[in-house]
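Here's the structure, in structure tokens; my notes come after.
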Amino acid sequence: MTPILNTPAWKHAERHAHGLRDVHLRDLFAHDPTRFARLSVRWNPGAGESWLLDLSKQRITPETLPILAGLWESADVPGWIAKMRAGEPINHTEGRAVLHTALRHAGGPVKVGGHDVMPDVQAVLAKMRDFCRAVHSGQWRGATGETITDVVNIGIGGSDLGPRMATQALAAHHLGHLRVHYVANVDSADLATILHGLSPQRTLFIIASKTFTTQETMQNARSARDWLTTTLGEAAVARHFVAVSTALDKVAAFGIDTDNAFAFWDWVGGRFSLWSAIGLPLALAIGFECFEALLAGAREMDNHFFTAPPLENLPALLALIELWNADFISLQTRAVLPYSQSLGLLPRYLQQLEMESLGKQIDRDGKLVGCPTLPIIWGEPGTNGQHAFYQLLHQGGRALSCEFIACKEADFPLPGHHEKLLANCFAQSAALMKGKTLEEASQELTAVPSAPTFLAPYKIFPGNQPSTTLLLPRLDPYTLGALIALYEHKVFTLGVLWHLDAFDQWGVEYGKQIANSLLPMIEGTSPVADVDSSTAGLIAACKS
Ligand code: F6P
């Protein structure tokens with residue numbers, strides 16, 4: 001296959017980018033009053049109001065997106081979508097299919113290796129539904145006959161970030177029956193502070209791990225079990241521990257009854273697993289009907305991604321803009337800035353989804369991709385970030401892209417708040433775009449009689465910082481489902497464009513391997529050997 005860098009579409013994009021090198025966003029706006037209309041896209045999901053994706057503040061012209069769409073064709077994204085949907089092992093380094101879309105599919109069979117996975121998917125969803133109802137109704141009780149008031153999900157990475165982010169995002173939709181907590185870190189402060197104040201008689205643990213071998217999760221699970229059995233005895237485990245995993249044999253070996261286990265499958269990547277039983281703590285928080293609405297929203301986005309042409313296709317557009325910024329404008333970071341307190345964990349969630357998927361340089365043929373891949377992703381909700389790091393965005397002299405996400409309606413409405421939130425969101429993208437010249441700064445100062453004119457240089461804003469704004473109707477389960485699926489398909493598209501396997505994560509293995517070899521040295525069960533002097537010094541300092 002021709003590397004993307006050698007395709008005519010790539011060369012065309014390079015020439016186009018060269019022509020735009022010295023163009024400022026404020027001039028692009030000044031010269032084209034129709035710019036917003038030409039560079040924003042609306043999407044009407046089947047069961048909801050329209051979304052707005054505003055790309056007009058990106059450093060592009062109306063010609064750019066059609067040029068970039070040539071890359072979608074050159075890389076044969078539609079062909080790769082077909083392979084994914086056909087259950088081909090497109091996670092080629094692990095020899096696995098990639099079918100998280102089957103978890104929210106409605107309709108005909110979805111086959112992996114000739115086997116229709118849909119009956120298995122539906123059986124686990126039915127088991128989740130029954131379990132949620134049993135816990136909510138009080139039919140499921142702890143070992144002493146008490147009803148459950150607190151659920152503690154123990155998992156990390158994909159077995160934590162998705163349900164944790166969505167549980168926070170959908171706080172307005174919580175049933176209120178249960179408090180749902182999340183423990184991820186092997187630092188005992190995480191588990192200890194959550195357990196503090198909980199009653200063992202009324203607490204249910206969900207041990208969530210695709211592999212059921214992850215060090216952090218297994219340690220937290222053992223400590224949680226000790227906490228429970230110290231008060232209630234070993235026999236209580238069956239009423240207070242359930243598991244979510246692809247490795248049911250390991251669940252049984254840990255001592256959890258497999259009747260209390262919820263399966264998923266190796267064709268679901270950890271960071272794409274929210275839709276599986278990994279979503280159980282979320283379903284307990286919001287109720288199974290709301291969880292089904294989340295699946296329905298994701299399904300709507302799947303249909304959109306599978307069928308819309310690239311210039312109307314939201315995941316495709318986000319992917320093409322990311323590629324443009326990374327490879328043609330050389331931006332090295334992207335700030336994810338939700339103007340929604342409830343979406344506060346979205347940046348963290350996207351860090352795993354995008355950086356674990358695309359933080360790679362070796363392509364599917366074992367060769368260097370040859371161009372920068374995913375920028376560093378970080379972010380915080382607005383307006384808080386404005387009072388922390390936005391100074392650098394405006395005047396720090398670093399080029400980066402920003403992604404603003406806002407909702408037309410508040411999820412916890414209080415008079416006077418939401419208008420201010422939106423005003424700040426739109427103000428920031430406007431300021432980043434147009435900046436302020438020395439002349440404008442000086443004029444502002446001279447308009448105020450007592451203002452010190454020496455301040456003018458400090459009030460210059462270079463501007464020309466590109467941003468995307470995604471305006472959602474509201475934050476409800478359906479919309480959130482579609483939003484997460486949007487980013488999943490963006491990741492898929494970029495994987496195809498960069499010819500990467502977006503579904504493996506070899507880069508996380510090396511550190512785990514070294515940690516395993518250091519552990520006995522820190523525990524004192526093996527001598528400190530075969531380590532560099534810094535590591536040896538750190539271990540010695542801990543033991544002294
Ligand atoms: O270390 C990375 C990782 O493998 C992630 O990809 C995964 O989501 C996380 O660890 C947790 O893995 P598991 O669900 O198997 O415990």
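In the structure tokens, chains take letters A, B, ... by order of appearance, with residues numbered from 1 within each chain and ligands from 1 in the order shown.
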Problem set entry | Test item: residues at most 12 Å from range 11-18 of chain A, only C-alpha atoms, excluding those fewer than 5 positions along its chain, as a list in words | Pro3, Ile4, Leu5, Asn6, Val23, Arg59, Ile60, Thr61, Pro62, Glu63, Thr64, Leu65, Pro66, Ile67, Leu68, Ala69, Gly70, Leu71, Ser74, Leu320, Ile321, Leu323, Trp324, Asn325, Ala326, Asp327, Phe328, Ile329 and Ser330 of chain A
Exercise. DSSP says helix (DSSP H, G or I) for which residues of range 81-243 of chain A? Put them as a PyMOL selection string?
Worked result: chain A and resi 81-85+100-104+118-137+157-159+161-169+171-173+188-195+200-202+215-232+234-240
Exercise. Near range 306-317 of chain A, counting only C-alpha atoms, which residues have an atom at most 7 Å away, once you skip same-chain residues fewer than 6 positions from it, shown as a list in words?
Worked result: Val41, Leu65, Ala69, Leu486, Tyr487, His489, Lys490 and Thr493 of chain A
Exercise. Please, which residues have at least one atom within 6 Å of an atom of ligand 1, using only C-alpha atoms and all ligand atoms, listed as a PyMOL selection string?
Worked result: chain A and resi 156-159+209-212+214+270-271+508
I need the chosen residues saved as an mmCIF file, in the first residue's frame, with all heavy atoms.
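Dumped everything to selection-v6.cif:
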data_model
loop_
_atom_site.group_PDB
_atom_site.id
_atom_site.type_symbol
_atom_site.label_atom_id
_atom_site.label_comp_id
_atom_site.auth_asym_id
_atom_site.auth_seq_id
_atom_site.Cartn_x
_atom_site.Cartn_y
_atom_site.Cartn_z
ATOM 1 N N ILE A 156 -9.009 -0.002 36.570
ATOM 2 C CA ILE A 156 -8.096 1.082 36.169
ATOM 3 C C ILE A 156 -8.084 1.187 34.642
ATOM 4 O O ILE A 156 -8.475 0.239 33.945
ATOM 5 C CB ILE A 156 -6.674 0.837 36.759
ATOM 6 C CG1 ILE A 156 -5.830 2.115 36.757
ATOM 7 C CG2 ILE A 156 -5.954 -0.294 36.047
ATOM 8 C CD1 ILE A 156 -4.595 2.052 37.659
ATOM 9 N N GLY A 157 -7.653 2.333 34.130
ATOM 10 C CA GLY A 157 -7.606 2.521 32.670
ATOM 11 C C GLY A 157 -9.004 2.386 32.090
ATOM 12 O O GLY A 157 -9.971 2.978 32.586
ATOM 13 N N GLY A 158 -9.128 1.563 31.074
ATOM 14 C CA GLY A 158 -10.424 1.393 30.416
ATOM 15 C C GLY A 158 -11.482 0.786 31.320
ATOM 16 O O GLY A 158 -12.676 0.888 31.034
ATOM 17 N N SER A 159 -11.065 0.161 32.409
ATOM 18 C CA SER A 159 -12.024 -0.430 33.340
ATOM 19 C C SER A 159 -12.425 0.555 34.430
ATOM 20 O O SER A 159 -13.031 0.176 35.430
ATOM 21 C CB SER A 159 -11.420 -1.705 33.959
ATOM 22 O OG SER A 159 -11.120 -2.619 32.930
ATOM 23 N N SER A 209 -11.971 -5.799 35.402
ATOM 24 C CA SER A 209 -10.662 -5.922 34.752
ATOM 25 C C SER A 209 -10.802 -6.859 33.568
ATOM 26 O O SER A 209 -11.213 -8.016 33.741
ATOM 27 C CB SER A 209 -9.624 -6.475 35.734
ATOM 28 O OG SER A 209 -8.405 -6.715 35.066
ATOM 29 N N LYS A 210 -10.465 -6.357 32.410
ATOM 30 C CA LYS A 210 -10.566 -7.200 31.215
ATOM 31 C C LYS A 210 -9.718 -8.460 31.400
ATOM 32 O O LYS A 210 -10.171 -9.567 31.144
ATOM 33 C CB LYS A 210 -10.108 -6.395 29.994
ATOM 34 C CG LYS A 210 -10.174 -7.162 28.694
ATOM 35 C CD LYS A 210 -9.860 -6.283 27.515
ATOM 36 C CE LYS A 210 -9.712 -7.132 26.257
ATOM 37 N NZ LYS A 210 -9.369 -6.370 25.078
ATOM 38 N N THR A 211 -8.493 -8.286 31.848
ATOM 39 C CA THR A 211 -7.563 -9.416 31.953
ATOM 40 C C THR A 211 -7.642 -10.123 33.303
ATOM 41 O O THR A 211 -7.231 -11.262 33.435
ATOM 42 C CB THR A 211 -6.125 -8.909 31.785
ATOM 43 O OG1 THR A 211 -5.915 -7.870 32.761
ATOM 44 C CG2 THR A 211 -5.886 -8.360 30.391
ATOM 45 N N PHE A 212 -8.115 -9.443 34.305
ATOM 46 C CA PHE A 212 -8.130 -9.896 35.697
ATOM 47 C C PHE A 212 -6.721 -10.242 36.184
ATOM 48 O O PHE A 212 -6.517 -11.144 37.000
ATOM 49 C CB PHE A 212 -9.094 -11.076 35.904
ATOM 50 C CG PHE A 212 -10.043 -10.828 37.049
ATOM 51 C CD1 PHE A 212 -11.070 -9.901 36.930
ATOM 52 C CD2 PHE A 212 -9.900 -11.499 38.261
ATOM 53 C CE1 PHE A 212 -11.934 -9.640 37.995
ATOM 54 C CE2 PHE A 212 -10.757 -11.244 39.325
ATOM 55 C CZ PHE A 212 -11.776 -10.318 39.199
ATOM 56 N N THR A 214 -4.413 -7.271 36.244
ATOM 57 C CA THR A 214 -3.784 -5.957 36.405
ATOM 58 C C THR A 214 -3.407 -5.724 37.871
ATOM 59 O O THR A 214 -4.253 -5.853 38.769
ATOM 60 C CB THR A 214 -4.742 -4.866 35.884
ATOM 61 O OG1 THR A 214 -5.036 -5.190 34.535
ATOM 62 C CG2 THR A 214 -4.125 -3.487 35.952
ATOM 63 N N GLY A 270 -10.039 -2.397 25.952
ATOM 64 C CA GLY A 270 -10.330 -1.838 27.274
ATOM 65 C C GLY A 270 -10.853 -0.414 27.196
ATOM 66 O O GLY A 270 -11.838 -0.056 27.846
ATOM 67 N N ARG A 271 -10.214 0.408 26.372
ATOM 68 C CA ARG A 271 -10.612 1.827 26.317
ATOM 69 C C ARG A 271 -11.868 2.063 25.478
ATOM 70 O O ARG A 271 -12.316 3.194 25.346
ATOM 71 C CB ARG A 271 -9.434 2.683 25.828
ATOM 72 C CG ARG A 271 -8.793 2.211 24.545
ATOM 73 C CD ARG A 271 -7.459 2.917 24.293
ATOM 74 N NE ARG A 271 -6.778 2.422 23.099
ATOM 75 C CZ ARG A 271 -5.937 1.394 23.091
ATOM 76 N NH1 ARG A 271 -5.672 0.732 24.211
ATOM 77 N NH2 ARG A 271 -5.349 1.015 21.975
ATOM 78 N N VAL A 508 2.673 0.419 26.998
ATOM 79 C CA VAL A 508 2.452 0.423 28.445
ATOM 80 C C VAL A 508 3.157 -0.762 29.119
ATOM 81 O O VAL A 508 3.180 -0.856 30.343
ATOM 82 C CB VAL A 508 0.941 0.402 28.804
ATOM 83 C CG1 VAL A 508 0.230 1.601 28.205
ATOM 84 C CG2 VAL A 508 0.281 -0.888 28.364
#
For this session: Please give the complete set of residues from range 394-468 of chain A that DSSP, run on the backbone, assigns to strand (DSSP E or B), formatted as a PyMOL selection string.
Result: chain A and resi 401-407+436+461+467-468
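Take the candidates A:Cys290, A:Ala192, A:Val336, A:Leu445 and check each one against Cys402 in chain A using only C-alpha atoms; the shortest distance goes to A:Val336.
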Problem set entry | Close residues, Glu380 in chain A itself excluded, 8 Å, only C-alpha atoms, min 2 positions apart in chain, as a PyMOL selection string | chain A and resi 336-338+344-345+347+378+382+384-385
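Residues in contact range of range 89-95 of chain A, defined as at most 7 Å between only C-alpha atoms, with sequence neighbours fewer than 4 positions away removed, read Met84, Asp501, Phe503 and Asp504 of chain A.
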Atoms kept (C-alpha atoms) for selection, written as a tab-separated table (two decimals), in the first residue's frame:
chain	number	residue	atom	x	y	z
A	84	MET	CA	-14.07	-3.61	11.18
A	501	ASP	CA	-2.98	-0.26	14.80
A	503	PHE	CA	-6.15	-1.01	19.21
A	504	ASP	CA	-2.96	-2.32	20.79
Neighbours of Pro200 in chain A within 10 Å (only C-alpha atoms; same-chain residues fewer than 4 positions away dropped), as a short mmCIF file (atom, residue, chain, number, x, y, z; two decimals) with C-alpha atoms, in the first residue's frame?
data_model
loop_
_atom_site.label_atom_id
_atom_site.label_comp_id
_atom_site.auth_asym_id
_atom_site.auth_seq_id
_atom_site.Cartn_x
_atom_site.Cartn_y
_atom_site.Cartn_z
CA GLY A 142 -25.81 -8.01 51.54
CA ALA A 143 -24.82 -11.00 53.65
CA THR A 144 -26.58 -9.62 56.73
CA GLU A 146 -29.16 -5.11 54.49
CA ILE A 148 -26.96 -1.92 49.20
CA ASP A 150 -22.77 2.08 48.09
CA LEU A 195 -13.81 2.90 52.31
CA LEU A 204 -21.08 -3.86 46.88
CA PHE A 205 -17.74 -4.13 45.06
CA ALA A 224 -11.27 -4.62 49.70
CA ARG A 225 -11.99 -8.28 50.34
CA TRP A 227 -11.85 -5.09 54.68
CA LEU A 228 -15.14 -6.88 54.08
CA THR A 229 -14.27 -10.31 55.48
CA THR A 230 -12.72 -8.87 58.64
CA THR A 231 -16.22 -7.80 59.63
CA LEU A 232 -18.48 -10.21 57.79
CA ALA A 236 -20.05 -12.71 52.68
CA HIS A 240 -20.69 -8.24 48.15
#
For this session: For Tyr182 in chain A, work out the shell of residues within 8 Å, counting only C-alpha atoms and skipping chain neighbours fewer than 2 positions away, then give it as a count of residues only.
Result: 8
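The space separating CA of Trp51 in chain A from CA of Ala171 in chain A comes to 21.4 Å.
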